[in-house]
Amino acid sequence: GTATNDSAAAGKIGEKIEATLASGSAVSLTSATDANVTSISLTAGDWDVWGSIGFVVGGTTTLTRLRGAITTTSANIGSGPNGGAFFTTNEATGFSGIYPVGQKCISVAETTTVYLGAESIFAISTVAAYGYICARRVR
């Protein structure tokens with residue numbers, strides 16, 4: 001770790017890895033299809049991982065569902081409760097917002113990609129997703 005306000009070195013307790021995809025670069029979603037919003041690469045160890053997902057919804061879009069998760073499987077958010085890192089909600093037409101995904105403990109034996117994933121069921125127009133994922137080494 002570190003005893004001051006700097007960042008812990010790679011491989012040390014407290015190491016932080018993060019990624020952000022800005023709203024201007026939001027990933028276009030296909031209805032009822034899981035997609036990767038962004039990802040980080042974690043080295044061997046135990047990590048706490050959390051994030052949030054923002055949705056940009058076209059004005060005439062009819063929403064049935066929004067979902068998000070943290071996962072080690074590309075373009076597959078699975079189902080809840082996913083160790084605490086999963087959300088699902090039913091929304092009204094044209095709602096755009098940011099949702100916390102939650103926090104999950106992830107232990108990896110080798111370098112592993114961790115994804116912030118999103119999915120929406122919608123009709124008529126468009127939905128795109130952007131977000132933030134962060135991990136802190138705990139051991």
# chains A, B, ... in the order shown; residues from 1 in each chain; ligands from 1
$ select_by_dssp --residues "chain A" --states "strand (DSSP E or B)" --output "number ranges by chain"
A: 16-21, 27-28, 35-42, 45-57, 62-71, 85-89, 97-108, 112-123, 127-137
$ closest_atom_pairs --of "segment 5-76 of chain A" --to "segment 133-137 of chain A" --cutoff "8 Å" --atoms "only C-alpha atoms" --output "Markdown table"
| residue | atom | partner | partner_atom | distance |
| --- | --- | --- | --- | --- |
| A:Gly11 | CA | A:Arg137 | CA | 7.9 |
| A:Lys12 | CA | A:Arg137 | CA | 7.2 |
| A:Ile13 | CA | A:Arg137 | CA | 5.2 |
| A:Gly14 | CA | A:Arg137 | CA | 5.1 |
| A:Glu15 | CA | A:Arg137 | CA | 5.2 |
| A:Lys16 | CA | A:Arg136 | CA | 4.6 |
| A:Ile17 | CA | A:Ala135 | CA | 5.2 |
| A:Glu18 | CA | A:Cys134 | CA | 4.2 |
| A:Ala19 | CA | A:Ile133 | CA | 5.5 |
| A:Thr20 | CA | A:Ile133 | CA | 6.6 |
| A:Thr38 | CA | A:Ile133 | CA | 7.4 |
| A:Ser39 | CA | A:Ile133 | CA | 7.1 |
| A:Ile40 | CA | A:Ile133 | CA | 7.5 |
| A:Gly45 | CA | A:Arg137 | CA | 7.1 |
| A:Asp46 | CA | A:Arg137 | CA | 6.0 |
| A:Trp47 | CA | A:Arg137 | CA | 4.5 |
| A:Asp48 | CA | A:Arg136 | CA | 5.4 |
| A:Val49 | CA | A:Ala135 | CA | 4.3 |
| A:Trp50 | CA | A:Cys134 | CA | 5.5 |
| A:Gly51 | CA | A:Ile133 | CA | 4.2 |
| A:Ser52 | CA | A:Ile133 | CA | 6.8 |
$ write_last_selection --atoms "N, CA and C atoms" --output "PDB file, in the first residue's frame"
ATOM      1  N   GLY A  11       0.531  -4.115  -8.143  1.00  0.00           N
ATOM      2  CA  GLY A  11       0.772  -5.318  -7.361  1.00  0.00           C
ATOM      3  C   GLY A  11       0.664  -5.127  -5.860  1.00  0.00           C
ATOM      4  N   LYS A  12       0.510  -3.889  -5.426  1.00  0.00           N
ATOM      5  CA  LYS A  12       0.414  -3.590  -3.988  1.00  0.00           C
ATOM      6  C   LYS A  12      -1.046  -3.407  -3.577  1.00  0.00           C
ATOM      7  N   ILE A  13      -1.352  -3.711  -2.310  1.00  0.00           N
ATOM      8  CA  ILE A  13      -2.690  -3.464  -1.787  1.00  0.00           C
ATOM      9  C   ILE A  13      -3.027  -1.993  -1.979  1.00  0.00           C
ATOM     10  N   GLY A  14      -4.217  -1.729  -2.478  1.00  0.00           N
ATOM     11  CA  GLY A  14      -4.648  -0.360  -2.749  1.00  0.00           C
ATOM     12  C   GLY A  14      -4.471   0.063  -4.188  1.00  0.00           C
ATOM     13  N   GLU A  15      -3.822  -0.763  -5.001  1.00  0.00           N
ATOM     14  CA  GLU A  15      -3.675  -0.443  -6.428  1.00  0.00           C
ATOM     15  C   GLU A  15      -5.057  -0.200  -7.024  1.00  0.00           C
ATOM     16  N   LYS A  16      -5.157   0.817  -7.869  1.00  0.00           N
ATOM     17  CA  LYS A  16      -6.439   1.189  -8.467  1.00  0.00           C
ATOM     18  C   LYS A  16      -6.330   1.132  -9.990  1.00  0.00           C
ATOM     19  N   ILE A  17      -7.319   0.502 -10.608  1.00  0.00           N
ATOM     20  CA  ILE A  17      -7.407   0.434 -12.070  1.00  0.00           C
ATOM     21  C   ILE A  17      -8.812   0.878 -12.452  1.00  0.00           C
ATOM     22  N   GLU A  18      -8.921   1.775 -13.414  1.00  0.00           N
ATOM     23  CA  GLU A  18     -10.235   2.286 -13.789  1.00  0.00           C
ATOM     24  C   GLU A  18     -10.309   2.580 -15.279  1.00  0.00           C
ATOM     25  N   ALA A  19     -11.531   2.636 -15.775  1.00  0.00           N
ATOM     26  CA  ALA A  19     -11.777   2.997 -17.174  1.00  0.00           C
ATOM     27  C   ALA A  19     -13.099   3.737 -17.257  1.00  0.00           C
ATOM     28  N   THR A  20     -13.138   4.728 -18.129  1.00  0.00           N
ATOM     29  CA  THR A  20     -14.341   5.524 -18.348  1.00  0.00           C
ATOM     30  C   THR A  20     -14.626   5.584 -19.833  1.00  0.00           C
ATOM     31  N   THR A  38     -17.309  -0.918 -21.365  1.00  0.00           N
ATOM     32  CA  THR A  38     -15.874  -0.696 -21.238  1.00  0.00           C
ATOM     33  C   THR A  38     -15.296  -1.853 -20.428  1.00  0.00           C
ATOM     34  N   SER A  39     -13.984  -1.887 -20.269  1.00  0.00           N
ATOM     35  CA  SER A  39     -13.366  -2.993 -19.535  1.00  0.00           C
ATOM     36  C   SER A  39     -12.056  -2.544 -18.906  1.00  0.00           C
ATOM     37  N   ILE A  40     -11.591  -3.366 -17.980  1.00  0.00           N
ATOM     38  CA  ILE A  40     -10.288  -3.180 -17.357  1.00  0.00           C
ATOM     39  C   ILE A  40      -9.600  -4.539 -17.301  1.00  0.00           C
ATOM     40  N   GLY A  45      -4.894 -11.656  -8.170  1.00  0.00           N
ATOM     41  CA  GLY A  45      -5.143 -11.127  -6.836  1.00  0.00           C
ATOM     42  C   GLY A  45      -6.627 -11.029  -6.549  1.00  0.00           C
ATOM     43  N   ASP A  46      -6.936 -10.397  -5.428  1.00  0.00           N
ATOM     44  CA  ASP A  46      -8.317 -10.172  -5.010  1.00  0.00           C
ATOM     45  C   ASP A  46      -8.644  -8.693  -5.201  1.00  0.00           C
ATOM     46  N   TRP A  47      -9.793  -8.430  -5.819  1.00  0.00           N
ATOM     47  CA  TRP A  47     -10.175  -7.076  -6.191  1.00  0.00           C
ATOM     48  C   TRP A  47     -11.612  -6.791  -5.793  1.00  0.00           C
ATOM     49  N   ASP A  48     -11.878  -5.561  -5.372  1.00  0.00           N
ATOM     50  CA  ASP A  48     -13.235  -5.042  -5.267  1.00  0.00           C
ATOM     51  C   ASP A  48     -13.461  -4.226  -6.541  1.00  0.00           C
ATOM     52  N   VAL A  49     -14.549  -4.529  -7.235  1.00  0.00           N
ATOM     53  CA  VAL A  49     -14.836  -3.883  -8.518  1.00  0.00           C
ATOM     54  C   VAL A  49     -16.225  -3.276  -8.453  1.00  0.00           C
ATOM     55  N   TRP A  50     -16.380  -2.043  -8.947  1.00  0.00           N
ATOM     56  CA  TRP A  50     -17.672  -1.372  -8.959  1.00  0.00           C
ATOM     57  C   TRP A  50     -17.772  -0.502 -10.207  1.00  0.00           C
ATOM     58  N   GLY A  51     -18.964  -0.006 -10.460  1.00  0.00           N
ATOM     59  CA  GLY A  51     -19.130   0.856 -11.615  1.00  0.00           C
ATOM     60  C   GLY A  51     -20.518   1.430 -11.713  1.00  0.00           C
ATOM     61  N   SER A  52     -20.718   2.210 -12.765  1.00  0.00           N
ATOM     62  CA  SER A  52     -22.030   2.773 -13.067  1.00  0.00           C
ATOM     63  C   SER A  52     -22.184   2.837 -14.573  1.00  0.00           C
TER      64      SER A  52
END
$ residues_around --residues "Lys104 of chain A" --least-positions-apart "2" --cutoff "8 Å" --atoms "only C-alpha atoms" --output "JSON, numbers by chain"
{"A": [48, 49, 50, 70, 82, 83, 84, 85, 102, 106]}
$ write_last_selection --atoms "C-alpha atoms" --output "tab-separated table (two decimals), in the first residue's frame"
chain	number	residue	atom	x	y	z
A	48	ASP	CA	-13.24	-5.04	-5.27
A	49	VAL	CA	-14.84	-3.88	-8.52
A	50	TRP	CA	-17.67	-1.37	-8.96
A	70	ILE	CA	-19.81	-6.40	-13.92
A	82	ASN	CA	-24.15	-11.54	-9.56
A	83	GLY	CA	-22.30	-11.05	-6.28
A	84	GLY	CA	-23.88	-7.63	-5.83
A	85	ALA	CA	-22.83	-6.15	-9.17
A	102	GLY	CA	-22.98	-2.26	-7.44
A	106	ILE	CA	-13.36	-10.76	-7.89
$ residues_around --residues "Arg67 of chain A" --least-positions-apart "3" --cutoff "10 Å" --atoms "only C-alpha atoms" --output "list in words"
Ala32, Asp34, Ile53, Ile77, Gly78, Ser79, Gly80, Phe86, Phe87, Thr88, Thr89, Asn90, Tyr99, Val101, Gly117, Ala118, Glu119, Ser120 and Ile121 of chain A
$ residues_around --residues "Ala22 of chain A" --least-positions-apart "2" --cutoff "10 Å" --atoms "only C-alpha atoms" --output "MDAnalysis selection string"
chainID A and resid 19:20 24:27 54 129:132
$ write_last_selection --atoms "N, CA, C and O atoms" --output "CSV table (one decimal), in the first residue's frame"
chain,number,residue,atom,x,y,z
A,19,ALA,N,-11.5,2.6,-15.8
A,19,ALA,CA,-11.8,3.0,-17.2
A,19,ALA,C,-13.1,3.7,-17.3
A,19,ALA,O,-14.1,3.4,-16.5
A,20,THR,N,-13.1,4.7,-18.1
A,20,THR,CA,-14.3,5.5,-18.3
A,20,THR,C,-14.6,5.6,-19.8
A,20,THR,O,-13.7,5.8,-20.6
A,24,GLY,N,-20.4,11.0,-24.8
A,24,GLY,CA,-20.2,11.3,-26.2
A,24,GLY,C,-19.7,10.1,-27.1
A,24,GLY,O,-19.8,10.2,-28.3
A,25,SER,N,-19.2,9.1,-26.4
A,25,SER,CA,-18.7,7.9,-27.1
A,25,SER,C,-19.5,6.7,-26.8
A,25,SER,O,-19.1,5.5,-26.9
A,26,ALA,N,-20.8,6.9,-26.3
A,26,ALA,CA,-21.6,5.8,-25.9
A,26,ALA,C,-21.8,4.7,-26.9
A,26,ALA,O,-21.8,5.0,-28.1
A,27,VAL,N,-21.8,3.5,-26.5
A,27,VAL,CA,-21.9,2.3,-27.3
A,27,VAL,C,-23.4,2.1,-27.7
A,27,VAL,O,-24.2,2.0,-26.8
A,54,GLY,N,-24.5,4.7,-17.7
A,54,GLY,CA,-25.4,5.7,-18.2
A,54,GLY,C,-26.1,5.3,-19.5
A,54,GLY,O,-25.4,4.6,-20.3
A,129,ALA,N,-25.1,3.2,-24.4
A,129,ALA,CA,-24.6,3.1,-23.0
A,129,ALA,C,-23.2,3.6,-22.9
A,129,ALA,O,-22.4,3.4,-23.8
A,130,TYR,N,-22.9,4.2,-21.8
A,130,TYR,CA,-21.6,4.7,-21.4
A,130,TYR,C,-21.4,4.4,-19.9
A,130,TYR,O,-22.3,4.0,-19.2
A,131,GLY,N,-20.2,4.5,-19.5
A,131,GLY,CA,-20.0,4.2,-18.0
A,131,GLY,C,-18.6,4.3,-17.5
A,131,GLY,O,-17.6,4.7,-18.2
A,132,TYR,N,-18.5,3.8,-16.3
A,132,TYR,CA,-17.3,3.8,-15.5
A,132,TYR,C,-17.1,2.5,-14.7
A,132,TYR,O,-18.1,2.0,-14.1
$ closest_residue --among "A:Leu21, A:Ala123, A:Cys105, A:Ser28" --to "Val56 of chain A" --atoms "only C-alpha atoms"
A:Ser28
$ atom_distance --atom1 "atom CA of Gly59 of chain A" --atom2 "atom CA of Gly97 of chain A"
13.0 Å
$ closest_residue --among "A:Ala128, A:Val114, A:Ala8, A:Ile98" --to "Thr33 of chain A" --atoms "only C-alpha atoms"
A:Ala128
$ select_by_dssp --residues "chain A" --states "helix (DSSP H, G or I)" --output "list in words"
Ser23, Gly24, Ser25, Asn82, Gly83 and Gly84 of chain A
